[in-house]
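The data block below is start.cif; it holds mmCIF, C-alpha atoms and all ligand atoms.
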```cif
data_protein
#
loop_
_atom_site.label_atom_id
_atom_site.label_comp_id
_atom_site.auth_asym_id
_atom_site.auth_seq_id
_atom_site.Cartn_x
_atom_site.Cartn_y
_atom_site.Cartn_z
CA ALA M 1026 3.92 33.66 -10.09
CA LYS M 1027 5.83 33.30 -13.34
CA GLU M 1028 9.07 34.20 -11.57
CA SER M 1029 8.63 31.68 -8.79
CA GLY M 1030 7.64 29.09 -11.36
CA ARG M 1031 10.91 29.57 -13.17
CA ASN M 1032 12.84 29.42 -9.89
CA ALA M 1033 11.06 26.26 -8.96
CA TYR M 1034 11.99 24.82 -12.33
CA ARG M 1035 15.64 25.79 -11.93
CA PHE M 1036 15.74 24.41 -8.41
CA PHE M 1037 14.25 21.15 -9.58
CA ASN M 1038 16.80 20.98 -12.37
CA GLU M 1039 19.80 21.62 -10.12
CA HIS M 1040 18.42 19.15 -7.65
CA MET M 1041 18.26 16.55 -10.41
CA ASN M 1042 21.84 17.31 -11.43
CA THR M 1043 23.08 16.84 -7.89
CA ASP M 1044 21.18 13.60 -7.66
CA GLY M 1045 22.61 12.48 -10.97
CA ARG M 1046 26.16 13.38 -9.93
CA ARG M 1047 25.75 11.65 -6.61
CA ARG M 1048 24.39 8.60 -8.34
CA LEU M 1049 27.39 8.46 -10.65
CA GLN M 1050 29.83 8.88 -7.75
CA LEU M 1051 28.15 6.09 -5.82
CA GLN M 1052 28.12 3.87 -8.88
CA ASN M 1053 31.84 4.38 -9.40
CA GLY M 1054 32.46 3.65 -5.73
CA LEU M 1055 30.36 0.53 -5.98
CA ARG M 1056 32.37 -0.64 -8.98
CA LEU M 1057 35.44 -0.83 -6.69
CA ALA M 1058 33.64 -2.06 -3.58
CA ILE M 1059 34.31 -5.77 -4.07
CA GLU M 1060 38.07 -5.51 -4.60
CA ARG M 1061 38.33 -2.93 -1.80
CA GLU M 1062 36.53 -5.42 0.45
CA GLU M 1063 33.89 -2.87 1.43
CA LEU M 1064 31.00 -5.29 1.09
CA SER M 1065 29.89 -7.59 3.88
CA VAL M 1066 26.95 -9.83 4.60
CA HIS M 1067 24.72 -9.58 7.65
CA TYR M 1068 22.51 -12.43 8.77
CA GLN M 1069 19.05 -12.06 10.25
CA PRO M 1070 17.63 -15.05 12.14
CA GLN M 1071 14.49 -16.81 10.99
CA ILE M 1072 12.49 -18.49 13.75
CA ASP M 1073 10.16 -21.45 13.90
CA LEU M 1074 7.13 -19.92 15.64
CA ALA M 1075 5.98 -23.15 17.27
CA SER M 1076 9.31 -24.07 18.90
CA GLY M 1077 11.21 -20.78 18.97
CA ALA M 1078 14.19 -22.48 17.33
CA ILE M 1079 16.32 -20.76 14.71
CA THR M 1080 15.71 -22.33 11.31
CA GLY M 1081 18.24 -20.25 9.38
CA ALA M 1082 18.99 -16.71 8.30
CA GLU M 1083 18.45 -14.24 5.51
CA ALA M 1084 21.66 -12.85 4.02
CA LEU M 1085 21.50 -9.06 3.68
CA LEU M 1086 24.21 -7.13 1.91
CA ARG M 1087 26.00 -4.20 3.57
CA TRP M 1088 28.28 -1.60 1.97
CA THR M 1089 30.69 0.43 4.09
CA SER M 1090 32.33 2.79 1.63
CA ARG M 1091 35.59 4.48 2.59
CA GLU M 1092 34.35 7.54 0.65
CA PHE M 1093 30.66 7.67 1.49
CA GLY M 1094 30.29 5.71 4.72
CA GLU M 1095 27.39 3.31 5.25
CA ILE M 1096 25.14 3.12 2.21
CA GLY M 1097 21.92 1.11 2.59
CA PRO M 1098 20.94 -1.63 0.14
CA ASN M 1099 17.78 0.27 -0.75
CA ILE M 1100 20.16 2.83 -2.32
CA PHE M 1101 22.95 0.72 -3.80
CA ILE M 1102 21.05 -2.36 -5.01
CA PRO M 1103 19.01 -0.28 -7.50
CA LEU M 1104 22.28 1.38 -8.62
CA ALA M 1105 23.85 -2.04 -9.06
CA GLU M 1106 20.84 -3.14 -11.08
CA GLN M 1107 20.95 -0.10 -13.35
CA SER M 1108 24.67 -0.44 -14.02
CA GLY M 1109 24.87 -4.20 -14.45
CA LEU M 1110 27.08 -4.47 -11.36
CA ILE M 1111 24.38 -6.63 -9.79
CA HIS M 1112 25.83 -9.67 -11.53
CA ALA M 1113 29.25 -9.41 -9.86
CA ILE M 1114 27.78 -8.26 -6.55
CA GLY M 1115 25.05 -10.88 -6.64
CA GLU M 1116 27.59 -13.62 -7.21
CA TRP M 1117 29.78 -12.30 -4.41
CA VAL M 1118 26.96 -12.28 -1.83
CA LEU M 1119 25.70 -15.70 -2.93
CA LEU M 1120 29.12 -17.26 -2.55
CA ALA M 1121 29.73 -15.61 0.82
CA ALA M 1122 26.34 -16.79 2.11
CA CYS M 1123 26.83 -20.37 0.88
CA HIS M 1124 30.28 -20.57 2.48
CA GLN M 1125 28.81 -19.27 5.72
CA ALA M 1126 25.92 -21.74 5.72
CA GLU M 1127 28.38 -24.58 5.04
CA LEU M 1128 30.31 -23.51 8.18
CA TRP M 1129 27.09 -23.55 10.22
CA ARG M 1130 26.35 -27.03 8.87
CA GLN M 1131 29.67 -28.27 10.22
CA HIS M 1132 29.33 -26.66 13.65
CA TYR M 1133 25.69 -26.42 14.60
CA PRO M 1134 22.59 -28.64 14.62
CA PRO M 1135 21.79 -29.66 11.06
CA GLY M 1136 19.29 -28.06 8.74
CA LEU M 1137 20.10 -24.36 9.07
CA THR M 1138 19.22 -22.64 5.81
CA VAL M 1139 20.49 -19.44 4.27
CA ALA M 1140 18.17 -17.26 2.20
CA VAL M 1141 19.69 -15.08 -0.52
CA ASN M 1142 17.91 -12.31 -2.42
CA LEU M 1143 17.99 -12.51 -6.22
CA SER M 1144 17.33 -9.47 -8.41
CA ALA M 1145 15.12 -9.68 -11.47
CA GLN M 1146 18.19 -8.57 -13.46
CA GLN M 1147 20.01 -11.73 -12.46
CA PHE M 1148 17.24 -13.69 -14.14
CA ARG M 1149 16.72 -11.50 -17.19
CA ARG M 1150 20.32 -10.92 -18.18
CA GLY M 1151 22.10 -13.70 -16.37
CA ASP M 1152 22.18 -17.45 -16.04
CA PRO M 1153 20.88 -18.11 -12.51
CA VAL M 1154 21.16 -21.89 -12.87
CA ALA M 1155 24.88 -21.77 -13.70
CA LEU M 1156 25.35 -19.18 -10.94
CA ILE M 1157 23.75 -21.35 -8.26
CA LYS M 1158 25.59 -24.46 -9.46
CA ARG M 1159 28.92 -22.62 -9.13
CA ALA M 1160 28.12 -21.40 -5.62
CA LEU M 1161 26.99 -24.82 -4.38
CA ALA M 1162 30.04 -26.52 -5.90
CA ALA M 1163 32.51 -23.95 -4.54
CA SER M 1164 31.07 -24.00 -1.01
CA GLY M 1165 30.05 -27.64 -0.68
CA LEU M 1166 26.64 -26.56 0.62
CA PRO M 1167 23.82 -29.01 -0.18
CA GLY M 1168 21.21 -27.33 -2.38
CA GLU M 1169 18.51 -28.13 0.19
CA LEU M 1170 20.06 -25.59 2.59
CA LEU M 1171 19.93 -22.71 0.12
CA GLU M 1172 16.79 -20.65 -0.30
CA LEU M 1173 16.37 -18.08 -3.05
CA GLU M 1174 14.14 -15.07 -2.46
CA ILE M 1175 12.51 -13.81 -5.61
CA THR M 1176 9.72 -11.30 -6.14
CA GLU M 1177 6.32 -11.71 -7.72
CA SER M 1178 7.23 -9.40 -10.59
CA MET M 1179 9.86 -11.90 -11.80
CA LEU M 1180 7.17 -14.50 -12.34
CA ILE M 1181 5.10 -12.23 -14.57
CA SER M 1182 7.62 -11.20 -17.21
CA GLU M 1183 8.80 -13.83 -19.66
CA ALA M 1184 6.94 -16.40 -17.63
CA ASP M 1185 7.79 -19.45 -19.74
CA GLU M 1186 11.51 -18.79 -19.66
CA VAL M 1187 11.42 -18.13 -15.93
CA LEU M 1188 9.41 -21.31 -15.32
CA GLY M 1189 12.13 -23.37 -17.02
CA MET M 1190 14.85 -21.70 -14.94
CA LEU M 1191 12.97 -22.24 -11.69
CA GLN M 1192 12.42 -25.91 -12.52
CA ARG M 1193 16.14 -26.37 -13.14
CA LEU M 1194 16.89 -24.57 -9.88
CA LYS M 1195 14.50 -26.91 -8.07
CA ALA M 1196 16.37 -29.85 -9.60
CA LEU M 1197 19.45 -28.60 -7.70
CA GLY M 1198 17.47 -28.99 -4.49
CA VAL M 1199 17.23 -25.30 -3.64
CA ARG M 1200 14.07 -23.81 -2.19
CA LEU M 1201 12.23 -20.86 -3.66
CA ALA M 1202 10.53 -18.16 -1.60
CA ILE M 1203 8.36 -15.28 -2.79
CA ASP M 1204 9.61 -12.11 -1.09
CA ASP M 1205 7.34 -9.20 -0.16
CA PHE M 1206 4.34 -11.43 -0.81
CA GLY M 1207 1.08 -9.56 -1.20
CA THR M 1208 2.55 -6.32 -2.53
CA GLY M 1209 3.00 -7.31 -6.15
CA TYR M 1210 0.87 -8.56 -8.99
CA SER M 1211 -2.36 -9.93 -7.61
CA SER M 1212 -2.94 -12.99 -9.83
CA LEU M 1213 -2.48 -16.05 -7.69
CA SER M 1214 -2.45 -18.56 -10.54
CA TYR M 1215 1.33 -18.48 -10.67
CA LEU M 1216 1.53 -20.05 -7.21
CA GLN M 1217 0.30 -23.30 -8.74
CA ARG M 1218 2.22 -22.89 -11.94
CA PHE M 1219 5.66 -22.19 -10.45
CA PRO M 1220 7.56 -24.53 -8.11
CA ILE M 1221 7.38 -22.23 -5.08
CA ASP M 1222 8.10 -23.50 -1.53
CA LYS M 1223 7.54 -20.49 0.69
CA LEU M 1224 5.60 -17.25 0.99
CA LYS M 1225 7.25 -14.36 2.76
CA ILE M 1226 4.50 -12.10 4.08
CA ASP M 1227 5.50 -8.48 3.55
CA GLN M 1228 6.26 -6.42 6.63
CA SER M 1229 3.75 -3.74 5.64
CA PHE M 1230 0.93 -6.18 6.54
CA VAL M 1231 2.65 -7.47 9.67
CA ARG M 1232 3.30 -4.06 11.20
CA HIS M 1233 -0.33 -3.36 12.14
CA ILE M 1234 -1.82 -6.83 12.60
CA ALA M 1235 -2.54 -6.19 16.26
CA ARG M 1236 -4.45 -2.95 15.56
CA ASN M 1237 -5.74 -3.06 11.98
CA ASN M 1238 -8.45 -5.60 11.13
CA ASP M 1239 -7.78 -5.39 7.38
CA ASP M 1240 -4.08 -6.19 7.77
CA ALA M 1241 -4.94 -8.99 10.21
CA ALA M 1242 -7.38 -10.44 7.67
CA ILE M 1243 -4.79 -10.25 4.88
CA VAL M 1244 -2.17 -12.04 6.96
CA ASP M 1245 -4.73 -14.68 8.00
CA THR M 1246 -5.67 -15.22 4.36
CA ILE M 1247 -2.08 -15.60 3.18
CA VAL M 1248 -1.38 -18.14 5.94
CA GLN M 1249 -4.48 -20.13 4.94
CA LEU M 1250 -3.49 -19.93 1.29
CA GLY M 1251 -0.08 -21.28 2.21
CA ARG M 1252 -1.64 -24.13 4.15
CA ILE M 1253 -3.91 -25.11 1.26
CA LEU M 1254 -1.12 -24.96 -1.32
CA LYS M 1255 1.34 -26.66 1.08
CA LEU M 1256 3.71 -23.72 1.16
CA THR M 1257 5.68 -22.64 4.21
CA THR M 1258 4.72 -19.17 5.44
CA ILE M 1259 7.12 -16.74 7.06
CA ALA M 1260 6.28 -13.24 8.28
CA GLU M 1261 8.88 -10.48 8.09
CA GLY M 1262 9.12 -7.28 10.08
CA VAL M 1263 8.07 -8.96 13.33
CA GLU M 1264 8.98 -6.33 15.92
CA GLU M 1265 6.63 -6.94 18.84
CA LEU M 1266 5.57 -9.90 20.97
CA GLN M 1267 1.97 -9.17 19.96
CA HIS M 1268 2.91 -9.72 16.30
CA ALA M 1269 4.46 -13.08 17.11
CA SER M 1270 1.43 -14.17 19.18
CA PHE M 1271 -0.99 -13.22 16.44
CA LEU M 1272 1.10 -15.02 13.79
CA ARG M 1273 1.48 -18.15 15.92
CA ALA M 1274 -2.29 -18.24 16.53
CA ALA M 1275 -2.93 -17.77 12.81
CA GLY M 1276 -0.75 -20.80 12.07
CA CYS M 1277 2.10 -18.96 10.38
CA ASN M 1278 5.16 -21.24 10.35
CA GLU M 1279 8.09 -18.87 10.75
CA ALA M 1280 8.99 -15.29 11.63
CA GLN M 1281 11.80 -12.84 11.05
CA GLY M 1282 12.22 -9.39 12.56
CA TYR M 1283 13.82 -7.17 15.16
CA LEU M 1284 11.96 -9.01 17.94
CA PHE M 1285 14.23 -12.01 17.34
CA GLY M 1286 17.28 -10.21 16.02
CA LYS M 1287 18.40 -7.50 13.63
CA PRO M 1288 20.63 -8.40 10.69
CA MET M 1289 24.05 -8.99 12.27
CA PRO M 1290 27.61 -10.01 11.35
CA ALA M 1291 28.25 -13.74 11.07
CA ALA M 1292 30.25 -13.85 14.33
CA GLN M 1293 27.33 -12.42 16.28
CA PHE M 1294 24.90 -14.80 14.60
CA ALA M 1295 27.16 -17.67 15.68
CA GLU M 1296 26.82 -16.52 19.32
CA LEU M 1297 23.05 -16.60 18.91
CA LEU M 1298 23.27 -20.13 17.50
CA ALA M 1299 25.49 -21.22 20.38
CA ARG M 1300 22.80 -20.09 22.82
CA GLY M 1301 20.34 -22.40 21.04
CA ASP M 1302 17.40 -20.13 20.37
CA ALA M 1303 16.60 -16.48 19.78
CA THR M 1304 14.43 -15.80 22.80
P1 LIG K 1 14.08 -7.33 1.85
O1 LIG K 1 14.64 -8.48 1.09
O2 LIG K 1 12.60 -7.21 1.92
O3 LIG K 1 14.75 -7.42 3.29
C1 LIG K 1 14.08 -7.10 4.48
C2 LIG K 1 14.48 -5.73 4.98
O4 LIG K 1 13.76 -5.44 6.17
C3 LIG K 1 15.96 -5.62 5.37
O5 LIG K 1 16.38 -4.30 5.07
C4 LIG K 1 15.92 -5.85 6.87
O6 LIG K 1 17.03 -5.30 7.55
C5 LIG K 1 14.64 -5.15 7.24
N1 LIG K 1 14.05 -5.66 8.47
C6 LIG K 1 14.19 -6.90 9.01
N2 LIG K 1 13.45 -7.03 10.14
C7 LIG K 1 12.82 -5.85 10.32
C8 LIG K 1 11.91 -5.35 11.33
O7 LIG K 1 11.54 -6.04 12.28
N3 LIG K 1 11.46 -4.09 11.18
C9 LIG K 1 11.85 -3.29 10.13
N4 LIG K 1 11.37 -2.06 10.06
N5 LIG K 1 12.71 -3.72 9.16
C10 LIG K 1 13.19 -4.99 9.26
P2 LIG K 1 17.79 -4.01 4.39
O8 LIG K 1 18.82 -4.95 4.95
O9 LIG K 1 18.02 -2.55 4.49
O10 LIG K 1 17.55 -4.42 2.88
C11 LIG K 1 16.67 -3.70 2.08
C12 LIG K 1 16.41 -4.38 0.77
O11 LIG K 1 17.60 -4.42 -0.03
C13 LIG K 1 16.01 -5.85 0.91
O12 LIG K 1 14.64 -5.94 1.23
C14 LIG K 1 16.34 -6.37 -0.47
O13 LIG K 1 15.31 -6.07 -1.38
C15 LIG K 1 17.57 -5.58 -0.83
N6 LIG K 1 18.78 -6.39 -0.59
C16 LIG K 1 19.53 -6.53 0.54
N7 LIG K 1 20.56 -7.38 0.33
C17 LIG K 1 20.44 -7.81 -0.95
C18 LIG K 1 21.21 -8.72 -1.78
O14 LIG K 1 22.20 -9.36 -1.37
N8 LIG K 1 20.78 -8.89 -3.08
C19 LIG K 1 19.68 -8.23 -3.57
N9 LIG K 1 19.34 -8.45 -4.86
N10 LIG K 1 18.95 -7.39 -2.83
C20 LIG K 1 19.32 -7.19 -1.53
CA CA K 2 14.34 -10.62 1.14
CA CA K 3 10.98 -8.70 2.03
CA CA K 4 11.49 -5.32 0.29
#
```
Let's see the structure in the file written out as structure tokens.
Ligand code: C2E
Ligand code: CA
Ligand code: CA
Ligand code: CA
Amino acid sequence: AKESGRNAYRFFNEHMNTDGRRRLQLQNGLRLAIEREELSVHYQPQIDLASGAITGAEALLRWTSREFGEIGPNIFIPLAEQSGLIHAIGEWVLLAACHQAELWRQHYPPGLTVAVNLSAQQFRRGDPVALIKRALAASGLPGELLELEITESMLISEADEVLGMLQRLKALGVRLAIDDFGTGYSSLSYLQRFPIDKLKIDQSFVRHIARNNDDAAIVDTIVQLGRILKLTTIAEGVEELQHASFLRAAGCNEAQGYLFGKPMPAAQFAELLARGDAT
């Protein structure tokens, strides 16, 4: 037993080393990714549930490394956050998304929004207000067409400082959405305190709404909460028609998910827009 314990320890250790080495390699690759033009942005349609019309898209970062192939954002975003690269990468994706949305504004029916994810790091160690100002100025996009997705955890730490930042962001016209809503800190008081516009219901609740009464009740409750607080509600991870029917009946405003379209390159999203709706 002692022997196998030691082996298990050694295995664990080597495993950690490999992970650590891999992490370092990826981080170095990521450092060069912008100048090597290995990053791209995919756009996933967001749908008005009542009309079926496309209201906009979420911008989702993609990394195709010449060394490592496709690396998912669940891998490289945390690496970018740990290394500080998130500031350069975050600015790159924001600018790309704003330029894209400005093109849509010139070619398609007005009002299409683009939603961009912001990391907590970009708030804690950056100047998000200056960042957003630069992106809006460089692209010409009106602030009203930019939505920022932030997480509940950002509203908890250094709340007073964050409140000031969010108020200045609101003054630029941008909209603020809470991503992965329902999975984070459970105090709801911040919904009144912070200038939030939209709740994004996490896909873990959406997935089983047709079969699981608890998840259905949670989604129902979030939609009602949104109605009372005058916040737009959007459900993510909508994969099946049944999901969409349930959400529509519950009064959820918008939906996003594979049912309507996977994240796709801008050219493909333009084809979807040209067709008029996503169904
Ligand atoms: P997220 O912001 O919660 O994004 C939603 C994720 O769900 C995306 O994964 C999307 O492709 C996926 N998804 C959309 N519809 C469905 C569906 O119907 N079913 C299922 N199973 N999944 C669906 P993705 O693109 O791999 O991104 C993962 C996470 O990486 C994002 O989660 C976000 O936290 C982060 N991320 C992606 N791009 C950026 C970025 O530009 N900046 C920052 N800070 N984070 C980003
Ligand atoms: Ca998001
Ligand atoms: Ca999410
Ligand atoms: Ca997530």
Within 10 Å of ligand CA 2 (chain K) (only C-alpha atoms and all ligand atoms), residues as a PDB file with C-alpha atoms, in the frame of the given file:
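See part-v3.pdb below for the written result:
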```
ATOM      1  CA  GLU M1083      18.450 -14.240   5.510  1.00  0.00           C
ATOM      2  CA  ALA M1084      21.660 -12.850   4.020  1.00  0.00           C
ATOM      3  CA  LEU M1085      21.500  -9.060   3.680  1.00  0.00           C
ATOM      4  CA  ALA M1140      18.170 -17.260   2.200  1.00  0.00           C
ATOM      5  CA  VAL M1141      19.690 -15.080  -0.520  1.00  0.00           C
ATOM      6  CA  ASN M1142      17.910 -12.310  -2.420  1.00  0.00           C
ATOM      7  CA  LEU M1143      17.990 -12.510  -6.220  1.00  0.00           C
ATOM      8  CA  LEU M1173      16.370 -18.080  -3.050  1.00  0.00           C
ATOM      9  CA  GLU M1174      14.140 -15.070  -2.460  1.00  0.00           C
ATOM     10  CA  ILE M1175      12.510 -13.810  -5.610  1.00  0.00           C
ATOM     11  CA  THR M1176       9.720 -11.300  -6.140  1.00  0.00           C
ATOM     12  CA  ALA M1202      10.530 -18.160  -1.600  1.00  0.00           C
ATOM     13  CA  ILE M1203       8.360 -15.280  -2.790  1.00  0.00           C
ATOM     14  CA  ASP M1204       9.610 -12.110  -1.090  1.00  0.00           C
ATOM     15  CA  ASP M1205       7.340  -9.200  -0.160  1.00  0.00           C
ATOM     16  CA  LYS M1225       7.250 -14.360   2.760  1.00  0.00           C
ATOM     17  CA  ASP M1227       5.500  -8.480   3.550  1.00  0.00           C
ATOM     18  CA  GLU M1261       8.880 -10.480   8.090  1.00  0.00           C
TER      19      GLU M1261
END
```
Please determine an axis-aligned box that encloses all atoms of ligand LIG 1 (chain K) listed in the file, with 3 Å added on each side, and express its centre and edge lengths in Å to one decimal as lines of an AutoDock Vina configuration file.
```
center_x = 16.8
center_y = -5.7
center_z = 3.7
size_x = 16.8
size_y = 13.3
size_z = 23.1
```
List as a CSV table (one decimal) with C-alpha atoms, keeping the file's coordinate frame the protein and nucleic acid residues near Leu1161 (chain M), meaning an atom at most 12 Å away when only C-alpha atoms are counted, but skip any in the same chain fewer than 3 places from it.
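Saved the output as out.csv:
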```
chain,number,residue,atom,x,y,z
M,1116,GLU,CA,27.6,-13.6,-7.2
M,1119,LEU,CA,25.7,-15.7,-2.9
M,1120,LEU,CA,29.1,-17.3,-2.6
M,1121,ALA,CA,29.7,-15.6,0.8
M,1122,ALA,CA,26.3,-16.8,2.1
M,1123,CYS,CA,26.8,-20.4,0.9
M,1124,HIS,CA,30.3,-20.6,2.5
M,1125,GLN,CA,28.8,-19.3,5.7
M,1126,ALA,CA,25.9,-21.7,5.7
M,1127,GLU,CA,28.4,-24.6,5.0
M,1154,VAL,CA,21.2,-21.9,-12.9
M,1155,ALA,CA,24.9,-21.8,-13.7
M,1156,LEU,CA,25.4,-19.2,-10.9
M,1157,ILE,CA,23.8,-21.4,-8.3
M,1158,LYS,CA,25.6,-24.5,-9.5
M,1164,SER,CA,31.1,-24.0,-1.0
M,1165,GLY,CA,30.0,-27.6,-0.7
M,1166,LEU,CA,26.6,-26.6,0.6
M,1167,PRO,CA,23.8,-29.0,-0.2
M,1168,GLY,CA,21.2,-27.3,-2.4
M,1169,GLU,CA,18.5,-28.1,0.2
M,1170,LEU,CA,20.1,-25.6,2.6
M,1171,LEU,CA,19.9,-22.7,0.1
M,1172,GLU,CA,16.8,-20.6,-0.3
M,1194,LEU,CA,16.9,-24.6,-9.9
M,1197,LEU,CA,19.4,-28.6,-7.7
M,1198,GLY,CA,17.5,-29.0,-4.5
M,1199,VAL,CA,17.2,-25.3,-3.6
```
>> Just to confirm, what's the straight-line distance from atom N10 of ligand LIG 1 (chain K) to CA of Pro1098 (chain M) in Å (one decimal)?
In response: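 Distance reported for this atom pair: 6.8 Å.
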>> List the spatial neighbours of region 1287-1296 of chain M as a list in words - criterion: any atom at most 8 Å away, only C-alpha atoms, same-chain residues fewer than 5 positions off excluded.
In response: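 That gives Val1066, His1067, Tyr1068, Gln1069, Pro1070, Leu1085, Gln1125 and Gly1282 of chain M.
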> Quick one, how far is CA of Ile1111 (chain M) from atom P1 of ligand LIG 1 (chain K)?
Replying inline: 15.6 Å
>> With 12 Å as the threshold, what does the neighbourhood of (0.1, -5.8, 12.2) contain in terms of residues, counting all atoms listed in the file? Coordinates are those of the file; answer as a PyMOL selection string.
In response: chain M and resi 1226-1245+1260-1272
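One distance worth recording is that between atom N1 of ligand LIG 1 (chain K) and CA of Tyr1283 (chain M), which is 6.9 Å.
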I'd like the contact shell of Glu1183 (chain M) - 12 Å cut-off, all atoms listed in the file, skipping same-chain residues fewer than 3 positions apart - returned as a compact mmCIF listing (two decimals) with C-alpha atoms, in the frame of the given file.
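So part-v3.txt came out as:
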```txt
# COMPACT_ATOMS: atom_id res chain seq x y z
CA ALA M 1145 15.12 -9.68 -11.47
CA PHE M 1148 17.24 -13.69 -14.14
CA ARG M 1149 16.72 -11.50 -17.19
CA ARG M 1150 20.32 -10.92 -18.18
CA SER M 1178 7.23 -9.40 -10.59
CA MET M 1179 9.86 -11.90 -11.80
CA LEU M 1180 7.17 -14.50 -12.34
CA GLU M 1186 11.51 -18.79 -19.66
CA VAL M 1187 11.42 -18.13 -15.93
CA LEU M 1188 9.41 -21.31 -15.32
CA GLY M 1189 12.13 -23.37 -17.02
CA MET M 1190 14.85 -21.70 -14.94
```
>> Which residue is closest to ligand CA 3 (chain K)? Choose from M:Gly1109, M:Pro1103, M:Gly1207, M:Gly1301 and count all atoms listed in the file.
In response: M:Gly1207
>> For a quick check of understanding, using all atoms listed in the file, which of M:Ala1078, M:Arg1193, M:Asn1053, M:Tyr1215 has the smallest distance to Glu1177 (chain M)?
In response: M:Tyr1215
> Can you tell me, as an MDAnalysis selection string, what residues are no more than 10 Å from Ile1059 (chain M) when counting only C-alpha atoms, ignoring any on the same chain fewer than 6 positions away?
Replying inline: chainID M and resid 1065 1088 1113:1114 1117
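Using all atoms listed in the file, the smallest distance between any of M:Leu1055, M:Leu1284, M:Ala1075, M:Leu1216 and Glu1092 (chain M) comes from M:Leu1055.
You can rank M:Leu1064, M:Asn1099, M:Thr1080, M:Ile1253 by their closest distance to ligand CA 3 (chain K) using all atoms listed in the file, and at the top of that list sits M:Asn1099.
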>> Restricting the calculation to all atoms listed in the file: of M:Leu1256, M:Leu1137, M:Ala1162, M:Leu1104, which residue gets closest to Leu1049 (chain M)?
In response: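 When distances to Leu1049 (chain M) are compared using all atoms listed in the file, the smallest one comes from M:Leu1104.
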